[in-house]
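Below is one structure, written out as structure tokens; the observations come after it.
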Amino acid sequence: MAATYLTTEELAERIKYDQRTIRERLKDSVLLEGVHYIRPFGGRKILYIWERIEEDMSKCSLNSFTIPMANGGVCHG
């Protein structure tokens, strides 16, 4: 299966979040390097892996007993 790589702007359009929120709150707390995004060729550019993000978003929505935390993480009751 081929992965769909998205820029921060493209990801923001798909999940309806502001680009700044993705960069400052989700990246490295919810979205993890090597799992949800990569830095191709060791550069500064970040490409998000849509299929992994979509899978994790649907898992979280199935778990109804989570408490959102101020830092962007969640507490699993």
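Lettering and numbering for the structure tokens are positional, with chains as A, B, ... in the shown order, residues counted from 1 in each chain, and ligands counted from 1 in the shown order.
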
Neighbour list for stretch 24-26 of chain A as a PDB file with N, CA and C atoms, in the first residue's frame, cut-off 12 Å, only C-alpha atoms, skip fewer than 2 positions in-chain:
```
ATOM      1  N   THR A   8       2.026  20.236   6.073  1.00  0.00           N
ATOM      2  CA  THR A   8       1.247  20.743   7.210  1.00  0.00           C
ATOM      3  C   THR A   8      -0.019  21.428   6.712  1.00  0.00           C
ATOM      4  N   LEU A  11      -2.545  18.765   5.567  1.00  0.00           N
ATOM      5  CA  LEU A  11      -3.103  18.069   6.724  1.00  0.00           C
ATOM      6  C   LEU A  11      -4.116  18.952   7.441  1.00  0.00           C
ATOM      7  N   ALA A  12      -3.798  20.229   7.595  1.00  0.00           N
ATOM      8  CA  ALA A  12      -4.700  21.172   8.255  1.00  0.00           C
ATOM      9  C   ALA A  12      -6.045  21.238   7.526  1.00  0.00           C
ATOM     10  N   ILE A  15      -8.006  17.773   8.338  1.00  0.00           N
ATOM     11  CA  ILE A  15      -8.511  17.520   9.693  1.00  0.00           C
ATOM     12  C   ILE A  15      -9.140  18.760  10.321  1.00  0.00           C
ATOM     13  N   TYR A  17      -7.911  21.651  11.317  1.00  0.00           N
ATOM     14  CA  TYR A  17      -7.143  22.288  12.387  1.00  0.00           C
ATOM     15  C   TYR A  17      -6.291  23.374  11.765  1.00  0.00           C
ATOM     16  N   ASP A  18      -5.946  24.377  12.532  1.00  0.00           N
ATOM     17  CA  ASP A  18      -5.050  25.421  12.081  1.00  0.00           C
ATOM     18  C   ASP A  18      -3.635  24.842  11.954  1.00  0.00           C
ATOM     19  N   GLN A  19      -2.882  25.311  10.957  1.00  0.00           N
ATOM     20  CA  GLN A  19      -1.511  24.842  10.761  1.00  0.00           C
ATOM     21  C   GLN A  19      -0.657  25.059  12.008  1.00  0.00           C
ATOM     22  N   ARG A  20      -0.863  26.184  12.640  1.00  0.00           N
ATOM     23  CA  ARG A  20      -0.093  26.515  13.839  1.00  0.00           C
ATOM     24  C   ARG A  20      -0.380  25.524  14.971  1.00  0.00           C
ATOM     25  N   THR A  21      -1.633  25.117  15.109  1.00  0.00           N
ATOM     26  CA  THR A  21      -2.009  24.136  16.125  1.00  0.00           C
ATOM     27  C   THR A  21      -1.312  22.808  15.866  1.00  0.00           C
ATOM     28  N   ILE A  22      -1.247  22.405  14.617  1.00  0.00           N
ATOM     29  CA  ILE A  22      -0.568  21.161  14.266  1.00  0.00           C
ATOM     30  C   ILE A  22       0.910  21.247  14.630  1.00  0.00           C
ATOM     31  N   ASP A  28       4.834  16.080  17.896  1.00  0.00           N
ATOM     32  CA  ASP A  28       5.691  15.594  18.973  1.00  0.00           C
ATOM     33  C   ASP A  28       4.968  15.331  20.286  1.00  0.00           C
ATOM     34  N   SER A  29       3.657  15.543  20.352  1.00  0.00           N
ATOM     35  CA  SER A  29       2.905  15.107  21.530  1.00  0.00           C
ATOM     36  C   SER A  29       1.879  14.054  21.110  1.00  0.00           C
ATOM     37  N   VAL A  30       1.145  14.328  20.046  1.00  0.00           N
ATOM     38  CA  VAL A  30       0.170  13.381  19.524  1.00  0.00           C
ATOM     39  C   VAL A  30       0.689  12.756  18.234  1.00  0.00           C
ATOM     40  N   LEU A  31       1.250  13.591  17.374  1.00  0.00           N
ATOM     41  CA  LEU A  31       1.818  13.121  16.112  1.00  0.00           C
ATOM     42  C   LEU A  31       3.319  12.913  16.302  1.00  0.00           C
ATOM     43  N   LEU A  32       3.764  11.691  16.157  1.00  0.00           N
ATOM     44  CA  LEU A  32       5.140  11.332  16.478  1.00  0.00           C
ATOM     45  C   LEU A  32       5.988  11.098  15.226  1.00  0.00           C
ATOM     46  N   GLU A  33       7.228  11.576  15.288  1.00  0.00           N
ATOM     47  CA  GLU A  33       8.154  11.379  14.178  1.00  0.00           C
ATOM     48  C   GLU A  33       8.440   9.893  14.008  1.00  0.00           C
ATOM     49  N   HIS A  36       3.831   9.115  12.587  1.00  0.00           N
ATOM     50  CA  HIS A  36       2.850   9.951  11.892  1.00  0.00           C
ATOM     51  C   HIS A  36       3.477  10.901  10.882  1.00  0.00           C
ATOM     52  N   TYR A  37       4.743  11.172  11.010  1.00  0.00           N
ATOM     53  CA  TYR A  37       5.400  12.051  10.042  1.00  0.00           C
ATOM     54  C   TYR A  37       6.869  11.670   9.883  1.00  0.00           C
ATOM     55  N   TYR A  48       3.548  14.476   6.555  1.00  0.00           N
ATOM     56  CA  TYR A  48       2.690  13.678   7.423  1.00  0.00           C
ATOM     57  C   TYR A  48       2.149  12.487   6.647  1.00  0.00           C
ATOM     58  N   ILE A  53      -2.285   8.732  10.497  1.00  0.00           N
ATOM     59  CA  ILE A  53      -3.032   9.737  11.252  1.00  0.00           C
ATOM     60  C   ILE A  53      -4.519   9.396  11.268  1.00  0.00           C
ATOM     61  N   MET A  69      -6.139  17.017  27.938  1.00  0.00           N
ATOM     62  CA  MET A  69      -5.234  17.741  28.824  1.00  0.00           C
ATOM     63  C   MET A  69      -4.832  19.065  28.173  1.00  0.00           C
ATOM     64  N   ALA A  70      -4.408  20.010  28.962  1.00  0.00           N
ATOM     65  CA  ALA A  70      -4.065  21.352  28.491  1.00  0.00           C
ATOM     66  C   ALA A  70      -2.917  21.339  27.490  1.00  0.00           C
ATOM     67  N   ASN A  71      -1.989  20.383  27.605  1.00  0.00           N
ATOM     68  CA  ASN A  71      -0.826  20.354  26.715  1.00  0.00           C
ATOM     69  C   ASN A  71      -1.108  19.681  25.389  1.00  0.00           C
ATOM     70  N   GLY A  72      -2.345  19.278  25.140  1.00  0.00           N
ATOM     71  CA  GLY A  72      -2.708  18.647  23.884  1.00  0.00           C
ATOM     72  C   GLY A  72      -2.807  17.135  23.976  1.00  0.00           C
ATOM     73  N   GLY A  73      -2.331  16.521  25.051  1.00  0.00           N
ATOM     74  CA  GLY A  73      -2.423  15.086  25.238  1.00  0.00           C
ATOM     75  C   GLY A  73      -3.788  14.700  25.811  1.00  0.00           C
ATOM     76  N   VAL A  74      -3.937  13.430  26.124  1.00  0.00           N
ATOM     77  CA  VAL A  74      -5.163  12.959  26.738  1.00  0.00           C
ATOM     78  C   VAL A  74      -4.848  12.032  27.898  1.00  0.00           C
TER      79      VAL A  74
END
```

If DSSP is run on the backbone, what residues of chain A are alpha helix (DSSP H)? A reply as a count of residues only would be ideal.
24

For atom CA of A:Lys59 and atom CA of A:Arg39, quote the distance in Å rounded to one decimal.
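Between atom CA of A:Lys59 and atom CA of A:Arg39 the gap is 24.8 Å.
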
Determine, counting only C-alpha atoms, which protein, DNA and RNA residues have an atom within 7 Å of an atom of A:Trp50; residues of the same chain fewer than 5 positions away are not included. Present the result as a PyMOL selection string.
chain A and resi 4-6
